[in-house]
Amino acid sequence: MISMLKENSIATLVESIPFDSRHEINTGVEAYSVYENKGIKFNVVDYRDPETGKLHRFVTTLPMTINPGTIAMLYFKRWTIEKTFNNTKSNFKETKAWSSNTRSLENQMRLTAMSYNLMRVFEESSKTQQPELIHPSDKKYSEALEIRQQQAQKRDRFVNPLFFQARISRISSYTIRAVQNAIITGMSLQCFMSSLVARLVLPPQLIGEH
């Protein structure tokens with residue numbers, strides 16, 4: 001579990017947790033500590049965003065063996081799951097329950113998850129066909145990060161390098177439509193995958209490569 005520590009929360013510092021502050025994964029982490037409140041112990045990560053300078057305090061019950069920087073990134077990337085919900089609601093049209101019956105609801109969730117995972121496999125597999133190319137959504141994300149990096153550098157700051165690593169993006173509408181059309185027309189898997197690969201583009205030149 002990971003959540004934000006409220007400013008008015010009352011807790012007692014128990015001990016500091018050692019971590020490698022020089023490791024890139026812990027960029028922005030200022031402290032990693034054990035706190036106690038009403039007999040309950042929990043860990044707190046003090047993370048200062050290198051892009052904005054804002055201090056965030058994350059409360060977690062995850063094991064101490066997990067890097068505090070990983071915990072901070074998990075919180076910032078929690079929005080990723082919302083992209084999955086968006087796919088199921090907008091593209092799969094799963095906006096209502098099939099039934100009030102528990103078994104029917106379980107089957108609906110299983111089939112929805114299976115459909116999503118199948119689409120994800122197709123989209124991610126297409127990227128492996130041409131490793132030097134990326135998906136259009138990844139290019140858009142990289143370009144947006146580059147703009148943020150340029151703006152941050154003007155303030156003598158920088159975007160956390162972990163944001164430049166691979167991410168799970170929303171499955172594109174094109175991939176979903178392509179799968180639907182392939183099923184309807186009986187298109188071969190080879191032709192179908194070729195159509196997905198054809199959508200890939202060259203990656204943008206990042207600031208670090210200038």
# chains A, B, ... in the order shown; residues from 1 in each chain; ligands from 1
>>> residues_around(residues="Leu200 in chain A", least_positions_apart="3", cutoff="7 Å", atoms="only C-alpha atoms", output="count of residues only")
5
>>> residues_around(residues="Pro204 in chain A", least_positions_apart="5", cutoff="9 Å", atoms="only C-alpha atoms", output="list in words")
Lys139, Lys140, Ser142 and Glu143 of chain A
>>> atom_distance(atom1="CA of Val14 in chain A", atom2="CA of Arg57 in chain A")
16.0 Å
>>> select_by_dssp(residues="range 63-162 of chain A", states="alpha helix (DSSP H)", output="number ranges by chain")
A: 68-76, 80-86, 102-129, 136-154
>>> closest_residue(among="A:Pro18, A:Ser172, A:Lys154, A:Val159", to="Glu123 in chain A", atoms="only C-alpha atoms")
A:Ser172
